[in-house]
Amino acid sequence: VQLQASGGGFVQAGWSLRLSCAASGNIFHINRMGWYRQAPGKQRELVAAVSRGGSTNFADSVKGRFTISRDNAKNMVYLQMNSLKPEDTAVYYCNAYVNNWQEYWGQGTLVTVSS
């Protein structure tokens with residue numbers, strides 16, 4: 001199973017970005033999908049997650065600004081990031097629990113927000 005993330009980039013504060021992550025390989029079932037981020041010198045943290053049924057949860061720091069969605073038919077998860085702030089700068093990783101809750105990580109995509 002592989003997760004391929006895309007959509008990162010360099011933006012000004014207040015702008016938006018949309019991250020995408022495609023899961024491929026020997027997949028029968030994807031349970032929870034999510035996005036984590038790791039800023040320089042900090043631990044990786046959960047940004048947002050979505051269950052197969054569509055239930056979501058978000059880090060307090062992104063509530064009201066970020067939304068997460070998934071397309072079960074395409075094995076994809078998306079993170080729409082609005083009103084970006086410099087403190088959102090980080091490498092963003094997609095994450096998925098596949099088949100019998102085996103955990104997989106994408107390669108990371110860099111988001112840089114300039115003030």
# chains A, B, ... in the order shown; residues from 1 in each chain; ligands from 1

$ residues_around --residues "Thr67 of chain A" --least-positions-apart "2" --cutoff "10 Å" --atoms "only C-alpha atoms" --output "list in words"
Arg18, Val47, Ala48, Ala49, Val50, Thr56, Asn57, Phe58, Val62, Lys63, Gly64, Arg65, Ser69, Tyr78, Leu79, Gln80, Met81 and Asn82 of chain A

$ residues_around --residues "Met33 of chain A" --least-positions-apart "4" --cutoff "8 Å" --atoms "only C-alpha atoms" --output "ChimeraX atom specification"
/A:49-52,70,77,94-97

$ atom_distance --atom1 "atom CA of Phe10 of chain A" --atom2 "atom CA of Arg44 of chain A"
20.1 Å

$ select_by_dssp --residues "segment 29-99 of chain A" --states "strand (DSSP E)" --output "ChimeraX atom specification"
/A:30-38,45-50,56-58,66-71,76-81,90-98

$ write_last_selection --atoms "N, CA and C atoms" --output "tab-separated table (two decimals), in the first residue's frame"
chain	number	residue	atom	x	y	z
A	30	ILE	N	-10.46	0.88	3.52
A	30	ILE	CA	-9.72	1.92	4.22
A	30	ILE	C	-10.58	2.42	5.36
A	31	ASN	N	-10.07	2.36	6.54
A	31	ASN	CA	-10.79	2.85	7.71
A	31	ASN	C	-10.54	4.35	7.85
A	32	ARG	N	-9.92	4.77	8.92
A	32	ARG	CA	-9.69	6.18	9.12
A	32	ARG	C	-8.61	6.72	8.19
A	33	MET	N	-8.81	7.91	7.67
A	33	MET	CA	-7.81	8.63	6.90
A	33	MET	C	-7.60	9.99	7.56
A	34	GLY	N	-6.39	10.48	7.46
A	34	GLY	CA	-6.15	11.76	8.12
A	34	GLY	C	-4.90	12.47	7.62
A	35	TRP	N	-4.70	13.63	8.19
A	35	TRP	CA	-3.54	14.45	7.89
A	35	TRP	C	-2.86	14.83	9.20
A	36	TYR	N	-1.56	14.70	9.21
A	36	TYR	CA	-0.73	15.15	10.31
A	36	TYR	C	0.24	16.19	9.77
A	37	ARG	N	0.85	16.92	10.66
A	37	ARG	CA	1.88	17.86	10.23
A	37	ARG	C	3.00	17.91	11.25
A	38	GLN	N	4.16	18.28	10.75
A	38	GLN	CA	5.32	18.42	11.62
A	38	GLN	C	6.07	19.68	11.23
A	45	GLU	N	1.88	16.24	14.70
A	45	GLU	CA	0.59	16.36	15.36
A	45	GLU	C	-0.53	16.08	14.38
A	46	LEU	N	-1.64	15.62	14.92
A	46	LEU	CA	-2.82	15.39	14.11
A	46	LEU	C	-3.43	16.72	13.72
A	47	VAL	N	-3.75	16.86	12.43
A	47	VAL	CA	-4.44	18.05	11.95
A	47	VAL	C	-5.93	17.76	11.82
A	48	ALA	N	-6.24	16.68	11.11
A	48	ALA	CA	-7.64	16.34	10.88
A	48	ALA	C	-7.72	14.87	10.49
A	49	ALA	N	-8.85	14.27	10.80
A	49	ALA	CA	-9.07	12.88	10.44
A	49	ALA	C	-10.53	12.69	10.07
A	50	VAL	N	-10.77	11.68	9.24
A	50	VAL	CA	-12.14	11.38	8.82
A	50	VAL	C	-12.32	9.87	8.79
A	56	THR	N	-15.64	13.42	11.41
A	56	THR	CA	-14.38	14.15	11.36
A	56	THR	C	-13.96	14.65	12.73
A	57	ASN	N	-12.68	14.88	12.88
A	57	ASN	CA	-12.17	15.59	14.05
A	57	ASN	C	-10.97	16.42	13.62
A	58	PHE	N	-10.79	17.52	14.30
A	58	PHE	CA	-9.78	18.51	13.93
A	58	PHE	C	-8.99	18.96	15.14
A	66	PHE	N	-9.93	24.67	8.35
A	66	PHE	CA	-9.62	23.50	7.53
A	66	PHE	C	-10.83	22.58	7.47
A	67	THR	N	-10.98	21.93	6.33
A	67	THR	CA	-11.97	20.87	6.22
A	67	THR	C	-11.30	19.64	5.62
A	68	ILE	N	-11.79	18.47	5.99
A	68	ILE	CA	-11.26	17.23	5.47
A	68	ILE	C	-12.40	16.47	4.82
A	69	SER	N	-12.08	15.81	3.72
A	69	SER	CA	-13.08	15.01	3.03
A	69	SER	C	-12.39	13.82	2.39
A	70	ARG	N	-13.18	12.85	1.99
A	70	ARG	CA	-12.61	11.67	1.36
A	70	ARG	C	-13.53	11.17	0.28
A	71	ASP	N	-12.94	10.47	-0.66
A	71	ASP	CA	-13.68	9.83	-1.73
A	71	ASP	C	-13.38	8.35	-1.63
A	76	MET	N	-9.20	8.29	-1.83
A	76	MET	CA	-8.51	9.56	-1.69
A	76	MET	C	-9.02	10.34	-0.48
A	77	VAL	N	-8.14	11.17	0.06
A	77	VAL	CA	-8.50	12.07	1.14
A	77	VAL	C	-7.95	13.44	0.80
A	78	TYR	N	-8.73	14.46	1.18
A	78	TYR	CA	-8.38	15.84	0.85
A	78	TYR	C	-8.36	16.69	2.11
A	79	LEU	N	-7.52	17.70	2.10
A	79	LEU	CA	-7.50	18.67	3.19
A	79	LEU	C	-7.58	20.05	2.56
A	80	GLN	N	-8.70	20.71	2.76
A	80	GLN	CA	-8.86	22.08	2.29
A	80	GLN	C	-8.45	23.02	3.41
A	81	MET	N	-7.45	23.83	3.14
A	81	MET	CA	-6.91	24.72	4.14
A	81	MET	C	-7.17	26.16	3.73
A	90	ALA	N	4.53	23.73	7.77
A	90	ALA	CA	4.94	22.40	8.23
A	90	ALA	C	4.99	21.46	7.04
A	91	VAL	N	5.54	20.29	7.29
A	91	VAL	CA	5.40	19.18	6.34
A	91	VAL	C	4.13	18.44	6.74
A	92	TYR	N	3.26	18.27	5.77
A	92	TYR	CA	1.98	17.61	6.00
A	92	TYR	C	2.05	16.18	5.48
A	93	TYR	N	1.61	15.26	6.31
A	93	TYR	CA	1.65	13.84	5.98
A	93	TYR	C	0.22	13.28	5.97
A	94	CYS	N	-0.09	12.51	4.95
A	94	CYS	CA	-1.36	11.81	5.00
A	94	CYS	C	-1.16	10.46	5.67
A	95	ASN	N	-2.21	9.97	6.22
A	95	ASN	CA	-2.18	8.76	7.05
A	95	ASN	C	-3.44	7.98	6.78
A	96	ALA	N	-3.32	6.67	6.78
A	96	ALA	CA	-4.51	5.85	6.56
A	96	ALA	C	-4.36	4.52	7.27
A	97	TYR	N	-5.47	4.03	7.77
A	97	TYR	CA	-5.55	2.70	8.33
A	97	TYR	C	-6.27	1.83	7.31
A	98	VAL	N	-5.52	0.86	6.81
A	98	VAL	CA	-5.98	0.09	5.64
A	98	VAL	C	-6.22	-1.36	6.02

$ residues_around --residues "Gln2 of chain A" --least-positions-apart "5" --cutoff "12 Å" --atoms "only C-alpha atoms" --output "mmCIF file with N, CA, C and O atoms, in the first residue's frame"
data_model
loop_
_atom_site.group_PDB
_atom_site.id
_atom_site.type_symbol
_atom_site.label_atom_id
_atom_site.label_comp_id
_atom_site.auth_asym_id
_atom_site.auth_seq_id
_atom_site.Cartn_x
_atom_site.Cartn_y
_atom_site.Cartn_z
ATOM 1 N N CYS A 21 -4.417 13.241 -1.239
ATOM 2 C CA CYS A 21 -3.643 12.033 -0.952
ATOM 3 C C CYS A 21 -4.367 10.855 -1.574
ATOM 4 O O CYS A 21 -5.546 10.634 -1.311
ATOM 5 N N ALA A 22 -3.625 10.118 -2.384
ATOM 6 C CA ALA A 22 -4.181 8.950 -3.060
ATOM 7 C C ALA A 22 -3.565 7.687 -2.490
ATOM 8 O O ALA A 22 -2.333 7.580 -2.411
ATOM 9 N N ALA A 23 -4.405 6.756 -2.123
ATOM 10 C CA ALA A 23 -3.949 5.459 -1.630
ATOM 11 C C ALA A 23 -4.052 4.456 -2.765
ATOM 12 O O ALA A 23 -5.033 4.422 -3.492
ATOM 13 N N SER A 24 -3.010 3.627 -2.889
ATOM 14 C CA SER A 24 -3.007 2.621 -3.938
ATOM 15 C C SER A 24 -2.360 1.350 -3.430
ATOM 16 O O SER A 24 -1.655 1.348 -2.416
ATOM 17 N N GLY A 25 -2.574 0.277 -4.156
ATOM 18 C CA GLY A 25 -1.979 -0.991 -3.775
ATOM 19 C C GLY A 25 -3.039 -2.017 -3.427
ATOM 20 O O GLY A 25 -4.165 -1.961 -3.904
ATOM 21 N N ASN A 26 -2.676 -2.934 -2.567
ATOM 22 C CA ASN A 26 -3.540 -4.046 -2.193
ATOM 23 C C ASN A 26 -4.538 -3.588 -1.124
ATOM 24 O O ASN A 26 -4.375 -3.867 0.055
ATOM 25 N N ILE A 27 -5.538 -2.875 -1.572
ATOM 26 C CA ILE A 27 -6.496 -2.266 -0.653
ATOM 27 C C ILE A 27 -7.861 -2.899 -0.807
ATOM 28 O O ILE A 27 -8.405 -2.926 -1.905
ATOM 29 N N ASN A 75 -10.338 6.092 -3.158
ATOM 30 C CA ASN A 75 -9.319 5.918 -2.114
ATOM 31 C C ASN A 75 -8.489 7.185 -1.936
ATOM 32 O O ASN A 75 -7.259 7.137 -1.873
ATOM 33 N N MET A 76 -9.197 8.291 -1.830
ATOM 34 C CA MET A 76 -8.507 9.564 -1.687
ATOM 35 C C MET A 76 -9.024 10.342 -0.482
ATOM 36 O O MET A 76 -10.171 10.194 -0.076
ATOM 37 N N CYS A 94 -0.089 12.512 4.948
ATOM 38 C CA CYS A 94 -1.364 11.812 5.001
ATOM 39 C C CYS A 94 -1.155 10.458 5.667
ATOM 40 O O CYS A 94 -0.050 9.899 5.661
ATOM 41 N N ASN A 95 -2.212 9.965 6.224
ATOM 42 C CA ASN A 95 -2.177 8.763 7.049
ATOM 43 C C ASN A 95 -3.443 7.977 6.785
ATOM 44 O O ASN A 95 -4.514 8.566 6.603
ATOM 45 N N ALA A 96 -3.315 6.671 6.776
ATOM 46 C CA ALA A 96 -4.508 5.853 6.558
ATOM 47 C C ALA A 96 -4.361 4.518 7.271
ATOM 48 O O ALA A 96 -3.256 3.967 7.358
ATOM 49 N N TYR A 97 -5.473 4.031 7.767
ATOM 50 C CA TYR A 97 -5.552 2.696 8.333
ATOM 51 C C TYR A 97 -6.266 1.828 7.308
ATOM 52 O O TYR A 97 -7.433 2.045 7.005
ATOM 53 N N VAL A 98 -5.524 0.857 6.805
ATOM 54 C CA VAL A 98 -5.975 0.091 5.643
ATOM 55 C C VAL A 98 -6.217 -1.360 6.015
ATOM 56 O O VAL A 98 -5.479 -1.919 6.845
ATOM 57 N N GLN A 102 -4.060 -1.670 9.441
ATOM 58 C CA GLN A 102 -2.633 -1.463 9.249
ATOM 59 C C GLN A 102 -2.432 0.009 8.917
ATOM 60 O O GLN A 102 -3.118 0.563 8.058
ATOM 61 N N GLU A 103 -1.465 0.622 9.555
ATOM 62 C CA GLU A 103 -1.249 2.055 9.406
ATOM 63 C C GLU A 103 -0.186 2.335 8.341
ATOM 64 O O GLU A 103 0.878 1.715 8.331
ATOM 65 N N TYR A 104 -0.495 3.305 7.495
ATOM 66 C CA TYR A 104 0.421 3.707 6.436
ATOM 67 C C TYR A 104 0.556 5.231 6.427
ATOM 68 O O TYR A 104 -0.383 5.946 6.808
ATOM 69 N N TRP A 105 1.732 5.685 5.976
ATOM 70 C CA TRP A 105 2.017 7.110 5.890
ATOM 71 C C TRP A 105 2.442 7.489 4.480
ATOM 72 O O TRP A 105 3.136 6.719 3.807
ATOM 73 N N GLY A 106 2.049 8.681 4.078
ATOM 74 C CA GLY A 106 2.538 9.245 2.835
ATOM 75 C C GLY A 106 3.904 9.879 3.038
ATOM 76 O O GLY A 106 4.419 9.942 4.157
ATOM 77 N N GLN A 107 4.464 10.399 1.963
ATOM 78 C CA GLN A 107 5.835 10.895 1.998
ATOM 79 C C GLN A 107 5.946 12.314 2.523
ATOM 80 O O GLN A 107 7.038 12.760 2.811
#

$ atom_distance --atom1 "atom CA of Gln12 of chain A" --atom2 "atom CA of Ser114 of chain A"
4.7 Å
